[in-house]
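Here's the structure we're looking at; comments come further down.
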Amino acid sequence: MSRHPTVKWAQRSDKLFITIELPDAKDVKLKLEPEGKFFFSATTGADNIPYEIDMELYEKVDVNESKASVGLRNICYLIKKAESKWWGRLLKQGGKQPIFLKVDWDKWADEDEEQDSKLGSSDADFGDLDFSKLNMGGGDFDGVAADNDEGNDESDSEEENAEVSGEETAPGSGEPEAKA
């Protein structure tokens with residue numbers, strides 16, 4: 001009987017990322033059909049322990065535009081969706097997903113995040129670079145901003161304006177007080 005390796009997945013509107021975590025995989029066999037049938041088998045270890053996955057994906061896929069990469073620690077599959085739309089789940093079957101199937105939070109993007117990145121994108125392409133992990137500092141800019149902003153405060157209160165013009169204001173009213 002075959003075992004199931006851990007499978008991580010993430011999606012964008014036009015593609016799926018499937019990562020099969022199986023170090024030192026040998027005799028790797030991958031099969032993807034246009035209807036969404038996905039099959040994987042491999043062996044690993046000194047005892048050639050067999051691993052296998054047989055899944056039916058939620059929708060149809062474009063086999064010709066999909067790519068696989070077999071590495072030392074995992075097998076990555078970039079699957080092009082037949083239609084560019086968000087899937088409600090990875091597998092066609094409803095209910096609870098298999099225990100070996102997990103979300104790949106490192107590659108995950110919500111639908112609204114993808115739209116925001118398309119709208120706010122410039123010509124620069126930074127790929128999957130996460131700037132929050134670069135520890136570039138930042139934070140307290142008050143010292144510089146306060147020095148540059150000092151004479152530009154147009155929100156003076158009526159009391160301050162009245163004092164400059166020589167009028168006194170009635171306490172709490174903001175109205176100039178008549179002098180006798």
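Starting from 1 in every chain, residues are counted up; chains themselves are A, B, ... following the order of the structure tokens, and ligands are numbered from 1 as listed.
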
Item to complete: Compile the contact shell of Arg12 of chain A as a PyMOL selection string: residues with an atom at most 12 Å away, counting only C-alpha atoms, same-chain residues fewer than 3 positions apart removed.
Response: chain A and resi 9+15-18+78-81+83-88+90+107-115+117-118

Discussion item. When you look at Lys29 of chain A with a cut-off of 7 Å (counting only C-alpha atoms), what residues show up, excluding the ones that are within fewer than 6 positions of it in the same chain? I need them as a list in words.
Written reply: Phe40, Ser41 and Ala42 of chain A

Writer output for current selection, N, CA and C atoms, as a PDB file, in the first residue's frame:
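This went into selection_0.pdb:
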```pdb
ATOM      1  N   PHE A  40       0.473  11.410  -9.149  1.00  0.00           N
ATOM      2  CA  PHE A  40       1.884  11.471  -8.800  1.00  0.00           C
ATOM      3  C   PHE A  40       2.260  10.157  -8.128  1.00  0.00           C
ATOM      4  N   SER A  41       3.437   9.645  -8.465  1.00  0.00           N
ATOM      5  CA  SER A  41       3.982   8.495  -7.727  1.00  0.00           C
ATOM      6  C   SER A  41       5.494   8.612  -7.707  1.00  0.00           C
ATOM      7  N   ALA A  42       6.091   8.110  -6.644  1.00  0.00           N
ATOM      8  CA  ALA A  42       7.544   8.105  -6.492  1.00  0.00           C
ATOM      9  C   ALA A  42       7.904   7.154  -5.347  1.00  0.00           C
TER      10      ALA A  42
END
```

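Relative to atom CA of Val7 of chain A, atom CA of Pro23 of chain A is found at 12.5 Å.
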
Worksheet item: Can you tell me, as a list in words, what residues are no more than 7 Å from Leu57 of chain A when counting only C-alpha atoms, ignoring any on the same chain fewer than 4 positions away?
Response: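 Final neighbour list, sorted by chain and number: Gly36, Lys37, Phe38, Leu90, Leu91 and Lys92 of chain A.
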
Discussion item. Give me, as number ranges by chain, all polymer residues having an atom no more than 9 Å from Phe39 of chain A, counting only C-alpha atoms and skipping those fewer than 2 positions away in the same chain.
Written reply: A: 29-33, 37, 41, 52-56

Next, the residues of the selection above should be written as a JSON list (two decimals), in the first residue's frame with N, CA and C atoms.
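Dumped to selection_2.json:
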```
[["chain", "number", "residue", "atom", "x", "y", "z"],
["A", 29, "LYS", "N", 6.86, 9.95, -11.18],
["A", 29, "LYS", "CA", 5.92, 9.92, -12.30],
["A", 29, "LYS", "C", 4.83, 10.95, -12.02],
["A", 30, "LEU", "N", 4.65, 11.86, -12.96],
["A", 30, "LEU", "CA", 3.62, 12.90, -12.87],
["A", 30, "LEU", "C", 2.72, 12.80, -14.09],
["A", 31, "LYS", "N", 1.43, 12.89, -13.86],
["A", 31, "LYS", "CA", 0.49, 12.87, -14.97],
["A", 31, "LYS", "C", -0.61, 13.88, -14.68],
["A", 32, "LEU", "N", -0.86, 14.76, -15.63],
["A", 32, "LEU", "CA", -1.90, 15.77, -15.52],
["A", 32, "LEU", "C", -2.76, 15.70, -16.77],
["A", 33, "GLU", "N", -4.06, 15.60, -16.58],
["A", 33, "GLU", "CA", -4.98, 15.52, -17.71],
["A", 33, "GLU", "C", -5.81, 16.80, -17.78],
["A", 37, "LYS", "N", -7.50, 15.72, -13.78],
["A", 37, "LYS", "CA", -6.99, 14.52, -13.10],
["A", 37, "LYS", "C", -5.49, 14.70, -12.88],
["A", 41, "SER", "N", 3.44, 9.65, -8.46],
["A", 41, "SER", "CA", 3.98, 8.49, -7.73],
["A", 41, "SER", "C", 5.49, 8.61, -7.71],
["A", 52, "GLU", "N", 2.14, 7.92, -3.31],
["A", 52, "GLU", "CA", 1.24, 8.13, -4.43],
["A", 52, "GLU", "C", 0.15, 9.14, -4.09],
["A", 53, "ILE", "N", -0.24, 9.91, -5.10],
["A", 53, "ILE", "CA", -1.35, 10.85, -4.98],
["A", 53, "ILE", "C", -2.19, 10.71, -6.24],
["A", 54, "ASP", "N", -3.48, 10.63, -6.06],
["A", 54, "ASP", "CA", -4.41, 10.58, -7.19],
["A", 54, "ASP", "C", -5.56, 11.51, -6.84],
["A", 55, "MET", "N", -5.60, 12.68, -7.48],
["A", 55, "MET", "CA", -6.60, 13.70, -7.14],
["A", 55, "MET", "C", -7.33, 14.16, -8.40],
["A", 56, "GLU", "N", -8.56, 14.58, -8.19],
["A", 56, "GLU", "CA", -9.32, 15.20, -9.26],
["A", 56, "GLU", "C", -9.48, 16.67, -8.90]]
```

Worksheet item: Looking at only C-alpha atoms, which of A:Val28, A:Leu101, A:Leu22, A:Ala82 is the one that sits closest to Ala10 of chain A?
Response: A:Leu101

Fill in: Gap from atom CA of Val70 of chain A to atom CA of Ala46 of chain A - Å, one decimal
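Spanning atom CA of Val70 of chain A to atom CA of Ala46 of chain A is a straight-line distance of 19.0 Å.
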
Item to complete: Could you check which of A:Tyr51, A:Thr43, A:Tyr58, A:Gln11 is closest to Asp24 of chain A, using only C-alpha atoms?
Response: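 That would be A:Thr43, the residue with the smallest distance to Asp24 of chain A.
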
Discussion item. As an exercise, work out the distance from atom CA of Ile20 of chain A to atom CA of Cys76 of chain A in Å and give it to one decimal place.
Written reply: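 Those two atoms sit 6.4 Å apart.
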
Discussion item. Let me make sure I understand: among A:Glu65, A:Trp105, A:Gly94, A:Asn74, which one has the smallest atom-to-atom distance to Thr6 of chain A if we use only C-alpha atoms?
Written reply: A:Asn74
